[in-house]
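Engineer: Have a peek at model.tsv (TSV, C-alpha atoms and all ligand atoms).
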chain	number	residue	atom	x	y	z
H	1	MET	CA	5.31	-11.89	-59.70
H	2	ALA	CA	5.30	-10.36	-56.30
H	3	GLU	CA	6.88	-12.61	-53.76
H	4	ILE	CA	6.45	-12.53	-50.08
H	5	SER	CA	9.84	-10.91	-49.55
H	6	PHE	CA	8.14	-7.87	-50.99
H	7	PHE	CA	6.35	-7.41	-47.72
H	8	ILE	CA	9.53	-6.93	-45.87
H	9	VAL	CA	10.68	-4.35	-48.36
H	10	ALA	CA	7.31	-2.62	-48.31
H	11	SER	CA	6.94	-2.73	-44.59
H	12	THR	CA	10.22	-0.97	-44.08
H	13	MET	CA	9.05	1.94	-46.21
H	14	GLY	CA	7.64	5.05	-44.59
H	15	VAL	CA	3.99	6.10	-44.75
H	16	ARG	CA	4.84	8.70	-47.35
H	17	THR	CA	5.89	6.10	-49.83
H	18	ARG	CA	2.45	4.59	-50.24
H	19	SER	CA	2.47	5.64	-53.85
H	20	THR	CA	5.71	3.71	-54.31
H	21	ILE	CA	4.04	0.66	-52.87
H	22	CYS	CA	1.17	1.25	-55.24
H	23	ALA	CA	3.45	1.56	-58.22
H	24	ARG	CA	5.17	-1.68	-57.36
H	25	LEU	CA	1.94	-3.50	-56.94
H	26	GLY	CA	0.47	-2.50	-60.25
H	27	SER	CA	-3.13	-1.61	-60.73
H	28	GLY	CA	-4.80	-4.97	-60.11
H	29	ARG	CA	-7.40	-4.74	-57.42
H	30	LYS	CA	-6.32	-7.88	-55.67
H	31	ASP	CA	-2.82	-6.54	-55.52
H	32	MET	CA	-4.09	-3.41	-53.84
H	33	LEU	CA	-5.21	-5.46	-50.94
H	34	ILE	CA	-1.62	-6.48	-50.44
H	35	GLY	CA	-0.94	-2.86	-49.67
H	36	GLU	CA	-3.67	-2.86	-47.10
H	37	PHE	CA	-2.05	-5.73	-45.30
H	38	VAL	CA	1.37	-4.11	-45.27
H	39	LEU	CA	0.06	-0.83	-43.95
H	40	GLU	CA	-1.97	-2.47	-41.29
H	41	ALA	CA	0.83	-4.67	-40.06
H	42	LYS	CA	3.46	-2.03	-40.08
H	43	TYR	CA	1.63	0.99	-38.82
H	44	LYS	CA	-0.73	-0.76	-36.46
H	45	ILE	CA	-3.68	0.96	-38.02
H	46	ASP	CA	-6.93	-0.35	-36.74
H	47	LYS	CA	-9.06	-1.56	-39.62
H	48	ARG	CA	-12.05	0.57	-38.76
H	49	GLU	CA	-9.94	3.61	-38.24
H	50	MET	CA	-8.22	2.90	-41.50
H	51	TRP	CA	-11.45	2.95	-43.46
H	52	GLU	CA	-13.08	5.78	-41.66
H	53	ALA	CA	-10.33	8.25	-41.03
H	54	ASN	CA	-10.48	11.30	-43.21
H	55	LYS	CA	-6.80	11.76	-42.80
H	56	TRP	CA	-6.23	9.28	-45.57
H	57	ASP	CA	-8.52	11.12	-47.96
H	58	ARG	CA	-6.74	14.35	-47.34
H	59	LEU	CA	-3.63	12.77	-48.79
H	60	GLY	CA	-5.61	12.45	-51.97
H	61	SER	CA	-4.26	9.14	-53.06
H	62	ALA	CA	-6.39	7.69	-55.83
H	63	TRP	CA	-5.00	4.32	-54.88
H	64	TRP	CA	-6.23	4.70	-51.36
H	65	ARG	CA	-9.69	5.77	-52.45
H	66	ASP	CA	-9.89	2.76	-54.74
H	67	LEU	CA	-8.85	0.50	-51.97
H	68	ARG	CA	-11.58	1.84	-49.74
H	69	LYS	CA	-14.09	1.41	-52.51
H	70	ILE	CA	-13.27	-2.26	-52.96
H	71	GLU	CA	-13.72	-2.87	-49.30
H	72	TYR	CA	-17.17	-1.33	-49.41
H	73	GLU	CA	-18.20	-2.80	-52.72
H	74	VAL	CA	-17.51	-6.41	-51.96
H	75	ASP	CA	-18.20	-6.84	-48.34
H	76	GLY	CA	-18.29	-10.60	-48.58
H	77	LYS	CA	-14.81	-10.78	-50.00
H	78	ARG	CA	-12.92	-9.14	-47.22
H	79	GLY	CA	-9.95	-10.70	-45.63
H	80	TRP	CA	-9.00	-13.48	-48.06
H	81	PHE	CA	-5.53	-12.14	-48.47
H	82	LYS	CA	-4.80	-11.42	-44.88
H	83	GLU	CA	-6.07	-14.82	-43.86
H	84	GLY	CA	-3.63	-16.38	-46.29
H	85	VAL	CA	-0.61	-14.73	-44.79
H	86	GLY	CA	1.08	-16.13	-41.75
H	87	LYS	CA	4.17	-15.17	-39.89
H	88	ILE	CA	6.93	-17.42	-38.73
H	89	VAL	CA	8.48	-15.84	-35.72
H	90	GLY	CA	12.19	-16.30	-35.12
H	91	GLU	CA	13.47	-14.19	-32.28
H	92	GLY	CA	10.58	-11.75	-32.56
H	93	LYS	CA	12.45	-8.62	-33.53
H	94	GLU	CA	10.10	-7.76	-36.38
H	95	THR	CA	6.82	-8.82	-34.89
H	96	LEU	CA	4.69	-6.66	-32.66
H	97	PHE	CA	3.80	-8.52	-29.49
H	98	TRP	CA	0.22	-7.29	-29.10
H	99	HIS	CA	-0.81	-6.38	-32.63
H	100	GLU	CA	0.21	-9.21	-34.90
H	101	VAL	CA	-1.02	-12.77	-35.07
H	102	TRP	CA	1.92	-14.88	-33.92
H	103	ALA	CA	0.62	-17.03	-31.05
H	104	GLY	CA	-2.83	-18.53	-31.34
H	105	ASP	CA	-5.17	-17.43	-34.08
H	106	MET	CA	-5.73	-13.78	-33.30
H	107	PRO	CA	-3.74	-10.80	-32.10
H	108	LEU	CA	-3.05	-10.96	-28.38
H	109	LYS	CA	-4.52	-7.48	-27.97
H	110	GLU	CA	-7.89	-8.89	-29.02
H	111	LYS	CA	-7.76	-12.10	-27.08
H	112	PHE	CA	-6.36	-10.46	-23.96
H	113	ASN	CA	-7.69	-6.96	-24.38
H	114	ARG	CA	-7.72	-6.26	-20.64
H	115	LEU	CA	-4.01	-6.97	-20.33
H	116	PHE	CA	-3.25	-5.07	-23.49
H	117	ARG	CA	-4.90	-2.00	-22.03
H	118	LEU	CA	-2.89	-2.36	-18.84
H	119	SER	CA	0.40	-2.84	-20.62
H	120	ARG	CA	2.86	0.01	-20.66
H	121	GLU	CA	4.43	-1.47	-23.77
H	122	LYS	CA	1.67	-1.56	-26.33
H	123	ASP	CA	3.69	-1.12	-29.49
H	124	VAL	CA	6.72	-3.17	-28.68
H	125	CYS	CA	8.08	-6.12	-30.65
H	126	ILE	CA	8.18	-9.56	-29.05
H	127	ALA	CA	11.92	-9.54	-28.45
H	128	ASP	CA	11.69	-6.28	-26.52
H	129	MET	CA	9.10	-7.68	-24.14
H	130	GLY	CA	11.72	-9.65	-22.29
H	131	GLU	CA	15.32	-10.74	-22.37
H	132	TRP	CA	17.11	-13.81	-23.60
H	133	ARG	CA	18.53	-16.12	-20.98
H	134	ASN	CA	20.04	-19.44	-22.01
H	135	GLY	CA	18.19	-19.49	-25.29
H	136	GLU	CA	14.80	-18.70	-23.69
H	137	LEU	CA	13.05	-15.35	-23.79
H	138	THR	CA	12.11	-14.41	-20.24
H	139	TRP	CA	9.18	-12.01	-20.13
H	140	ASN	CA	9.55	-8.72	-18.39
H	141	TRP	CA	6.02	-7.39	-17.95
H	142	LYS	CA	5.41	-3.72	-17.41
H	143	TRP	CA	1.90	-2.91	-16.22
H	144	ARG	CA	0.31	0.42	-15.43
H	145	ARG	CA	-0.62	-0.95	-12.01
H	146	SER	CA	-0.46	-4.26	-10.22
H	147	LEU	CA	-2.75	-6.93	-11.60
H	148	PHE	CA	-5.87	-8.13	-9.82
H	149	THR	CA	-6.19	-11.83	-9.21
H	150	TRP	CA	-8.44	-12.40	-12.20
H	151	GLU	CA	-6.02	-10.47	-14.38
H	152	THR	CA	-3.20	-12.68	-13.14
H	153	ASP	CA	-5.31	-15.66	-14.23
H	154	MET	CA	-5.69	-14.03	-17.61
H	155	LEU	CA	-1.92	-13.58	-17.76
H	156	GLN	CA	-1.53	-17.31	-17.14
H	157	ASP	CA	-3.83	-17.92	-20.11
H	158	LEU	CA	-1.76	-15.56	-22.20
H	159	LEU	CA	1.44	-17.33	-21.17
H	160	SER	CA	0.09	-20.69	-22.21
H	161	THR	CA	-1.01	-19.22	-25.55
H	162	VAL	CA	2.42	-17.73	-26.09
H	163	GLN	CA	4.20	-20.95	-25.13
H	164	GLY	CA	2.65	-22.58	-28.17
H	165	THR	CA	5.04	-20.60	-30.36
H	166	LYS	CA	8.70	-21.47	-29.99
H	167	LEU	CA	10.90	-18.40	-30.28
H	168	LYS	CA	14.36	-18.92	-31.73
H	169	GLN	CA	17.19	-16.65	-30.74
H	170	GLY	CA	19.22	-15.39	-33.68
H	171	GLU	CA	16.57	-16.18	-36.31
H	172	ASP	CA	14.70	-13.56	-38.30
H	173	ASP	CA	10.92	-13.35	-38.38
H	174	CYS	CA	9.43	-13.88	-41.80
H	175	PHE	CA	6.11	-13.87	-43.58
H	176	VAL	CA	4.77	-16.98	-45.25
H	177	TRP	CA	1.98	-17.43	-47.72
H	178	ASN	CA	-0.11	-20.29	-46.40
H	179	HIS	CA	-1.44	-21.33	-49.78
H	180	ASP	CA	1.81	-22.41	-51.33
H	181	PRO	CA	4.02	-25.18	-49.97
H	182	THR	CA	7.09	-23.04	-50.49
H	183	GLY	CA	5.57	-20.31	-48.34
H	184	LYS	CA	6.13	-17.79	-51.11
H	185	TYR	CA	3.34	-15.60	-52.36
H	186	SER	CA	2.72	-15.49	-56.04
H	187	VAL	CA	-0.11	-14.01	-58.06
H	188	ARG	CA	-0.71	-17.47	-59.46
H	189	SER	CA	-1.25	-19.05	-56.06
H	190	ALA	CA	-3.66	-16.26	-55.13
H	191	TYR	CA	-5.47	-16.76	-58.40
H	192	ASN	CA	-5.74	-20.48	-57.71
H	193	LEU	CA	-6.98	-19.77	-54.26
H	194	LEU	CA	-9.72	-17.50	-55.48
H	195	ASN	CA	-10.74	-19.78	-58.30
H	196	GLN	CA	-10.33	-23.30	-57.01
H	197	LYS	CA	-10.66	-23.50	-53.32
H	198	GLN	CA	-14.38	-23.00	-53.42
H	199	ASP	CA	-14.94	-23.70	-49.78
H	200	ASP	CA	-12.49	-21.19	-48.50
H	201	ARG	CA	-13.48	-18.45	-50.83
H	202	PRO	CA	-15.12	-15.50	-49.17
H	203	ASP	CA	-17.85	-15.41	-51.80
H	204	HIS	CA	-18.52	-19.07	-51.13
H	205	LYS	CA	-18.91	-18.23	-47.47
H	206	PHE	CA	-21.28	-15.49	-48.47
H	207	LYS	CA	-23.34	-17.98	-50.49
H	208	LEU	CA	-23.43	-20.47	-47.63
H	209	ILE	CA	-25.26	-17.90	-45.59
H	210	TRP	CA	-27.45	-16.12	-48.07
H	211	ASP	CA	-28.56	-19.15	-50.09
H	212	SER	CA	-29.59	-20.94	-46.99
H	213	LYS	CA	-33.38	-20.53	-47.25
H	214	THR	CA	-33.52	-19.34	-43.70
H	215	PRO	CA	-35.54	-16.41	-42.31
H	216	LEU	CA	-33.62	-13.26	-43.10
H	217	LYS	CA	-33.23	-12.08	-39.54
H	218	ILE	CA	-31.74	-15.43	-38.60
H	219	SER	CA	-29.30	-15.61	-41.50
H	220	ALA	CA	-28.32	-11.99	-40.85
H	221	PHE	CA	-27.65	-12.88	-37.24
H	222	ALA	CA	-25.53	-15.86	-38.30
H	223	TRP	CA	-23.56	-13.72	-40.72
H	224	LYS	CA	-22.74	-11.26	-37.97
H	225	ALA	CA	-21.98	-14.03	-35.49
H	226	LEU	CA	-19.50	-15.65	-37.86
H	227	GLN	CA	-17.67	-12.38	-38.03
H	228	ASN	CA	-17.79	-11.91	-34.28
H	229	ARG	CA	-20.02	-8.88	-34.62
H	230	ILE	CA	-22.73	-9.83	-32.16
H	231	PRO	CA	-23.03	-8.25	-28.71
H	232	THR	CA	-21.18	-10.89	-26.72
H	233	LYS	CA	-19.75	-9.80	-23.41
H	234	GLU	CA	-16.31	-9.64	-24.96
H	235	ASN	CA	-17.51	-7.27	-27.68
H	236	LEU	CA	-19.54	-5.15	-25.26
H	237	LEU	CA	-16.52	-4.69	-23.06
H	238	LYS	CA	-14.37	-3.79	-26.05
H	239	ARG	CA	-16.88	-1.11	-27.00
H	240	GLY	CA	-17.04	0.12	-23.43
H	241	MET	CA	-20.72	-0.78	-23.15
H	242	ILE	CA	-20.35	-2.88	-20.04
H	243	GLU	CA	-18.18	-2.41	-16.99
H	244	GLU	CA	-15.19	-4.61	-16.39
H	245	THR	CA	-16.74	-5.62	-13.10
H	246	THR	CA	-19.58	-7.30	-14.99
H	247	GLY	CA	-17.06	-9.82	-16.23
H	248	THR	CA	-16.68	-11.37	-19.64
H	249	LYS	CA	-17.25	-15.01	-18.81
H	250	CYS	CA	-19.60	-17.03	-20.97
H	251	THR	CA	-23.25	-16.84	-19.88
H	252	LEU	CA	-23.71	-20.55	-20.44
H	253	CYS	CA	-20.64	-22.22	-18.96
H	254	GLY	CA	-19.22	-19.38	-16.89
H	255	GLU	CA	-15.70	-20.50	-17.70
H	256	LYS	CA	-14.31	-19.08	-20.89
H	257	ILE	CA	-14.50	-15.55	-22.28
H	258	GLU	CA	-17.79	-15.04	-24.07
H	259	THR	CA	-16.83	-14.64	-27.71
H	260	ALA	CA	-19.21	-15.45	-30.55
H	261	SER	CA	-17.36	-18.60	-31.55
H	262	HIS	CA	-17.12	-19.75	-27.96
H	263	ILE	CA	-20.75	-19.38	-26.96
H	264	LEU	CA	-22.15	-20.73	-30.20
H	265	PHE	CA	-19.69	-23.46	-31.14
H	266	SER	CA	-17.05	-24.41	-28.60
H	267	CYS	CA	-18.84	-23.89	-25.29
H	268	PRO	CA	-19.39	-27.25	-23.55
H	269	VAL	CA	-22.98	-26.21	-22.77
H	270	SER	CA	-23.95	-25.15	-26.28
H	271	TRP	CA	-22.23	-28.30	-27.51
H	272	LYS	CA	-24.90	-30.26	-25.65
H	273	VAL	CA	-27.54	-28.44	-27.68
H	274	TRP	CA	-25.73	-29.37	-30.88
H	275	CYS	CA	-25.49	-32.98	-29.69
H	276	LEU	CA	-29.24	-33.14	-29.09
H	277	CYS	CA	-29.73	-31.73	-32.54
H	278	TYR	CA	-27.50	-34.37	-34.11
H	279	ASP	CA	-29.25	-37.10	-32.10
H	280	TRP	CA	-32.59	-35.85	-33.33
H	281	TRP	CA	-31.38	-36.34	-36.90
H	282	GLY	CA	-29.55	-39.59	-36.13
H	283	ILE	CA	-26.21	-38.04	-37.09
H	284	LYS	CA	-22.84	-38.47	-35.48
H	285	THR	CA	-20.18	-35.83	-35.82
H	286	ALA	CA	-17.27	-34.19	-34.05
H	287	SER	CA	-17.28	-30.64	-32.76
H	288	GLN	CA	-15.76	-27.78	-34.70
H	289	GLU	CA	-14.59	-24.71	-32.88
H	290	ASP	CA	-14.41	-22.38	-35.83
H	291	GLY	CA	-17.82	-21.12	-36.91
H	292	TRP	CA	-17.26	-21.41	-40.66
H	293	ASN	CA	-15.89	-24.92	-40.36
H	294	HIS	CA	-18.82	-25.73	-38.13
H	295	LEU	CA	-21.30	-24.54	-40.73
H	296	ARG	CA	-19.50	-26.27	-43.60
H	297	GLN	CA	-19.25	-29.51	-41.71
H	298	HIS	CA	-22.91	-29.34	-40.74
H	299	VAL	CA	-24.13	-28.65	-44.26
H	300	GLY	CA	-21.89	-31.39	-45.64
H	301	LEU	CA	-23.35	-34.08	-43.39
H	302	ILE	CA	-26.38	-34.62	-45.61
H	303	SER	CA	-25.60	-34.73	-49.27
H	304	ARG	CA	-28.68	-33.78	-51.21
H	305	GLY	CA	-32.37	-33.17	-51.69
H	306	ARG	CA	-35.01	-31.80	-49.40
H	307	LYS	CA	-33.31	-33.37	-46.42
H	308	LYS	CA	-30.20	-31.34	-47.11
H	309	GLN	CA	-32.13	-28.12	-47.38
H	310	ALA	CA	-34.00	-28.72	-44.16
H	311	TRP	CA	-30.86	-29.86	-42.39
H	312	SER	CA	-28.99	-26.71	-43.46
H	313	THR	CA	-31.66	-24.49	-42.01
H	314	ILE	CA	-31.38	-26.39	-38.72
H	315	TRP	CA	-27.88	-25.00	-38.31
H	316	PHE	CA	-29.23	-21.48	-38.44
H	317	PHE	CA	-32.13	-22.19	-36.12
H	318	THR	CA	-29.74	-23.78	-33.64
H	319	VAL	CA	-27.32	-20.87	-33.64
H	320	TRP	CA	-30.24	-18.51	-33.23
H	321	SER	CA	-31.87	-20.53	-30.45
H	322	ILE	CA	-28.62	-20.76	-28.48
H	323	TRP	CA	-28.33	-16.99	-28.67
H	324	LEU	CA	-31.95	-16.45	-27.57
H	325	TRP	CA	-31.36	-18.85	-24.72
H	326	ARG	CA	-28.32	-16.88	-23.67
H	327	ASN	CA	-30.31	-13.62	-23.80
H	328	ALA	CA	-33.16	-15.08	-21.78
H	329	LEU	CA	-30.69	-16.13	-19.09
H	330	ILE	CA	-29.15	-12.68	-18.94
H	331	PHE	CA	-32.12	-10.41	-19.35
H	332	LYS	CA	-35.00	-12.38	-17.93
H	333	GLY	CA	-33.09	-14.55	-15.50
H	334	GLU	CA	-34.89	-17.53	-16.97
H	335	THR	CA	-33.56	-20.95	-16.25
H	336	GLN	CA	-34.54	-22.74	-19.40
H	337	ARG	CA	-33.32	-26.28	-19.70
H	338	ILE	CA	-31.36	-27.56	-22.68
H	339	GLU	CA	-34.32	-29.75	-23.66
H	340	GLN	CA	-36.43	-26.61	-24.06
H	341	VAL	CA	-33.83	-25.14	-26.39
H	342	ILE	CA	-33.98	-28.15	-28.68
H	343	GLU	CA	-37.77	-27.97	-28.52
H	344	HIS	CA	-37.56	-24.36	-29.63
H	345	ILE	CA	-35.40	-25.42	-32.59
H	346	LYS	CA	-37.84	-28.17	-33.57
H	347	VAL	CA	-40.94	-26.00	-33.34
H	348	HIS	CA	-39.59	-22.97	-35.16
H	349	SER	CA	-37.79	-24.88	-37.88
H	350	PHE	CA	-40.97	-26.91	-38.42
H	351	SER	CA	-43.15	-23.85	-39.01
H	352	TRP	CA	-40.61	-22.28	-41.31
H	353	ILE	CA	-39.88	-25.37	-43.38
H	354	LYS	CA	-43.55	-26.20	-43.69
H	355	ALA	CA	-44.37	-22.69	-44.83
H	356	ARG	CA	-41.46	-22.20	-47.20
H	357	LEU	CA	-39.97	-25.47	-48.29
H	358	ASN	CA	-42.33	-28.35	-47.81
H	359	PRO	CA	-46.06	-27.72	-47.16
H	360	ASP	CA	-46.62	-31.45	-46.64
H	361	LEU	CA	-44.19	-31.78	-43.79
H	362	PRO	CA	-45.90	-33.92	-41.13
H	363	GLN	CA	-45.40	-32.46	-37.68
H	364	SER	CA	-45.32	-35.59	-35.55
H	365	ILE	CA	-42.84	-37.34	-37.84
H	366	TRP	CA	-40.73	-34.19	-38.01
H	367	PHE	CA	-40.34	-34.23	-34.25
H	368	ASN	CA	-39.22	-37.84	-34.11
H	369	ASN	CA	-37.65	-38.63	-37.44
H	370	PRO	CA	-36.96	-35.49	-39.44
H	371	LYS	CA	-35.10	-37.32	-42.22
H	372	GLU	CA	-38.17	-39.45	-42.84
H	373	ALA	CA	-40.46	-36.45	-42.60
H	374	CYS	CA	-38.54	-34.67	-45.34
H	375	LYS	CA	-39.21	-37.50	-47.77
H	376	ILE	CA	-42.93	-37.14	-47.51
H	377	GLN	CA	-44.59	-35.16	-50.23
H	378	VAL	CA	-48.24	-35.46	-51.06
H	379	GLN	CA	-48.75	-34.82	-54.76
H	401	ZN	ZN	-19.26	-21.25	-22.47
What is this file in structure tokens?
Ligand SMILES: [Zn+2]
Structural biologist:
Amino acid sequence: MAEISFFIVASTMGVRTRSTICARLGSGRKDMLIGEFVLEAKYKIDKREMWEANKWDRLGSAWWRDLRKIEYEVDGKRGWFKEGVGKIVGEGKETLFWHEVWAGDMPLKEKFNRLFRLSREKDVCIADMGEWRNGELTWNWKWRRSLFTWETDMLQDLLSTVQGTKLKQGEDDCFVWNHDPTGKYSVRSAYNLLNQKQDDRPDHKFKLIWDSKTPLKISAFAWKALQNRIPTKENLLKRGMIEETTGTKCTLCGEKIETASHILFSCPVSWKVWCLCYDWWGIKTASQEDGWNHLRQHVGLISRGRKKQAWSTIWFFTVWSIWLWRNALIFKGETQRIEQVIEHIKVHSFSWIKARLNPDLPQSIWFNNPKEACKIQVQ
């Protein structure tokens, strides 16, 4: 049984000892992914670079080739292990400030990419980013140049994110396995995770999307959106496809950074679209900021039958319509109203559901009482 303390051992090993890591992990494929995590955390290897770089092949490790193969073979199963591992930060001596997830739910280099690029201390651990004074770590920022006003605002955001994690002088950082109350990783707990927690399983996520009876281009869009792989301003800037001067603020609300989960799920403006959608179906529900939770919650609101099927597709049409709305605002300068977006959802979902799921779907009832409309079936 590999326990979480293994990570600390493994992560203190050098790159050359990958085969040692492999030997310790055994040949199970799931275990191999543990190695991936260790390497990524310790050596700050970007995931893409990790899979693409030929330099790894040249080392000729069969283990490494296998690992790559798994990643390609089962696309839908990526990330289950990494998502299950968390880090409890003590005084931050073993946690990289920008690269690891320790404050908020993503690495600070992703959330505050602008600042990361300006930092002169990219690969420094938390503790070395400041100094301890009276039990508090005081930050000592080192930038390549002075910050512009909007970057200072971003720094304020970063500070409030970081304040959410209490650093403790004199305490070690440690890894915890989120799926066991003791925080210790065991093969059994991973096995249970993969076999019992249906909802959280990556293949279940995969099914949620691909079994959805939605037009392929729309489900493919949703799949990419849930993995933050759509061309939001944040992603375009990361890829260097837009200038910094263009800004990364959300097209709809103009306030937060335009990430996929923001614009589709947590933006106050897109939330109004969702609310109209729920009103249309006579449903009351709370908002969910995480895309997967949003989808799961949505699908779970109607328990069975034709209604459920139609209702599930509405989620996809809504996500899609919000994105089209956003594009129309950017590229055509259109000033569509929210009511038109909901109209778009109603019209397009109607045609699709009528054609594919329920040829008897009555249009006028669909527009006013979709639940009732779904019940109608002329034999
Ligand atoms: Zn917004």
Engineer: Have a look at H:Lys233, H:Arg117, H:Arg304, H:Arg133 and name the one nearest to Lys256 in chain H; count only C-alpha atoms.
Structural biologist: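 Residue with the minimum atom-to-atom distance to Lys256 in chain H: H:Lys233.
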Engineer: From the set H:Glu343, H:Glu289, H:Glu100, H:Glu255, which residue has the shortest atom-to-atom contact distance to ligand ZN 401 (chain H), counting all atoms listed in the file?
Structural biologist: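 Closest to ligand ZN 401 (chain H) of all the choices is H:Glu255.
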Engineer: So, with all atoms listed in the file as the atoms that count, which of H:Gly282, H:Pro215, H:Gly130, H:Gly254 lies closest to Trp320 in chain H?
Structural biologist: H:Pro215
Engineer: Tell me, as a PDB file with C-alpha atoms, keeping the file's coordinate frame, which residues lie within 10 Å of Lys249 in chain H, counting all atoms listed in the file; anything in the same chain fewer than 2 positions away does not count.
Structural biologist:
ATOM      1  CA  THR H 232     -21.180 -10.890 -26.720  1.00  0.00           C
ATOM      2  CA  LYS H 233     -19.750  -9.800 -23.410  1.00  0.00           C
ATOM      3  CA  GLU H 234     -16.310  -9.640 -24.960  1.00  0.00           C
ATOM      4  CA  THR H 246     -19.580  -7.300 -14.990  1.00  0.00           C
ATOM      5  CA  GLY H 247     -17.060  -9.820 -16.230  1.00  0.00           C
ATOM      6  CA  THR H 251     -23.250 -16.840 -19.880  1.00  0.00           C
ATOM      7  CA  LEU H 252     -23.710 -20.550 -20.440  1.00  0.00           C
ATOM      8  CA  CYS H 253     -20.640 -22.220 -18.960  1.00  0.00           C
ATOM      9  CA  GLY H 254     -19.220 -19.380 -16.890  1.00  0.00           C
ATOM     10  CA  GLU H 255     -15.700 -20.500 -17.700  1.00  0.00           C
ATOM     11  CA  LYS H 256     -14.310 -19.080 -20.890  1.00  0.00           C
ATOM     12  CA  ILE H 257     -14.500 -15.550 -22.280  1.00  0.00           C
ATOM     13  CA  GLU H 258     -17.790 -15.040 -24.070  1.00  0.00           C
ATOM     14  CA  THR H 259     -16.830 -14.640 -27.710  1.00  0.00           C
ATOM     15  CA  ILE H 263     -20.750 -19.380 -26.960  1.00  0.00           C
TER      16      ILE H 263
END
Engineer: Looking at H:Pro268, H:Asn368, H:Arg356, H:Glu136, which one is nearest to ligand ZN 401 (chain H), with distances taken over only C-alpha atoms and all ligand atoms?
Structural biologist: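 For ligand ZN 401 (chain H), the nearest of the given residues is H:Pro268.
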Engineer: Neighbourhood query: residues within 12 Å of (1.8, -21.5, -36.1), file coordinates, counting all atoms listed in the file; return as a list of chain:residue names.
Structural biologist: H:Val85, H:Gly86, H:Lys87, H:Ile88, H:Val89, H:Gly90, H:Val101, H:Trp102, H:Ala103, H:Gly104, H:Asp105, H:Met106, H:Thr161, H:Val162, H:Gln163, H:Gly164, H:Thr165, H:Lys166, H:Leu167, H:Phe175, H:Val176, H:Asn178
Engineer: Just write the chosen residues, C-alpha atoms, as a PDB file, in the coordinates of the input.
Structural biologist:
ATOM      1  CA  VAL H  85      -0.610 -14.730 -44.790  1.00  0.00           C
ATOM      2  CA  GLY H  86       1.080 -16.130 -41.750  1.00  0.00           C
ATOM      3  CA  LYS H  87       4.170 -15.170 -39.890  1.00  0.00           C
ATOM      4  CA  ILE H  88       6.930 -17.420 -38.730  1.00  0.00           C
ATOM      5  CA  VAL H  89       8.480 -15.840 -35.720  1.00  0.00           C
ATOM      6  CA  GLY H  90      12.190 -16.300 -35.120  1.00  0.00           C
ATOM      7  CA  VAL H 101      -1.020 -12.770 -35.070  1.00  0.00           C
ATOM      8  CA  TRP H 102       1.920 -14.880 -33.920  1.00  0.00           C
ATOM      9  CA  ALA H 103       0.620 -17.030 -31.050  1.00  0.00           C
ATOM     10  CA  GLY H 104      -2.830 -18.530 -31.340  1.00  0.00           C
ATOM     11  CA  ASP H 105      -5.170 -17.430 -34.080  1.00  0.00           C
ATOM     12  CA  MET H 106      -5.730 -13.780 -33.300  1.00  0.00           C
ATOM     13  CA  THR H 161      -1.010 -19.220 -25.550  1.00  0.00           C
ATOM     14  CA  VAL H 162       2.420 -17.730 -26.090  1.00  0.00           C
ATOM     15  CA  GLN H 163       4.200 -20.950 -25.130  1.00  0.00           C
ATOM     16  CA  GLY H 164       2.650 -22.580 -28.170  1.00  0.00           C
ATOM     17  CA  THR H 165       5.040 -20.600 -30.360  1.00  0.00           C
ATOM     18  CA  LYS H 166       8.700 -21.470 -29.990  1.00  0.00           C
ATOM     19  CA  LEU H 167      10.900 -18.400 -30.280  1.00  0.00           C
ATOM     20  CA  PHE H 175       6.110 -13.870 -43.580  1.00  0.00           C
ATOM     21  CA  VAL H 176       4.770 -16.980 -45.250  1.00  0.00           C
ATOM     22  CA  ASN H 178      -0.110 -20.290 -46.400  1.00  0.00           C
TER      23      ASN H 178
END
Engineer: Between CA of Phe265 in chain H and CA of Thr245 in chain H, what is the distance in Å, rounded to a tenth?
Structural biologist: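 So the two atoms, CA of Phe265 in chain H and CA of Thr245 in chain H, lie 25.5 Å apart.
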Engineer: Env of Arg229 in chain H: 12 Å cut, atoms = only C-alpha atoms, seq-sep filter 3 positions within chain, self excluded. Answer as a VMD selection string.
Structural biologist: chain H and resid 220 to 226 232 to 236 238 to 239 259 to 261
Engineer: From the options H:Gly240, H:Pro231, H:Leu301, H:Cys277, which residue's atoms come nearest to Asn327 in chain H, counting only C-alpha atoms?
Structural biologist: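 Smallest separation from Asn327 in chain H among the options: H:Pro231.
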Engineer: Of the candidates H:Lys93, H:His344, H:Lys354, H:Lys307, which one gets nearest to Asn369 in chain H if we count all atoms listed in the file?
Structural biologist: H:Lys307
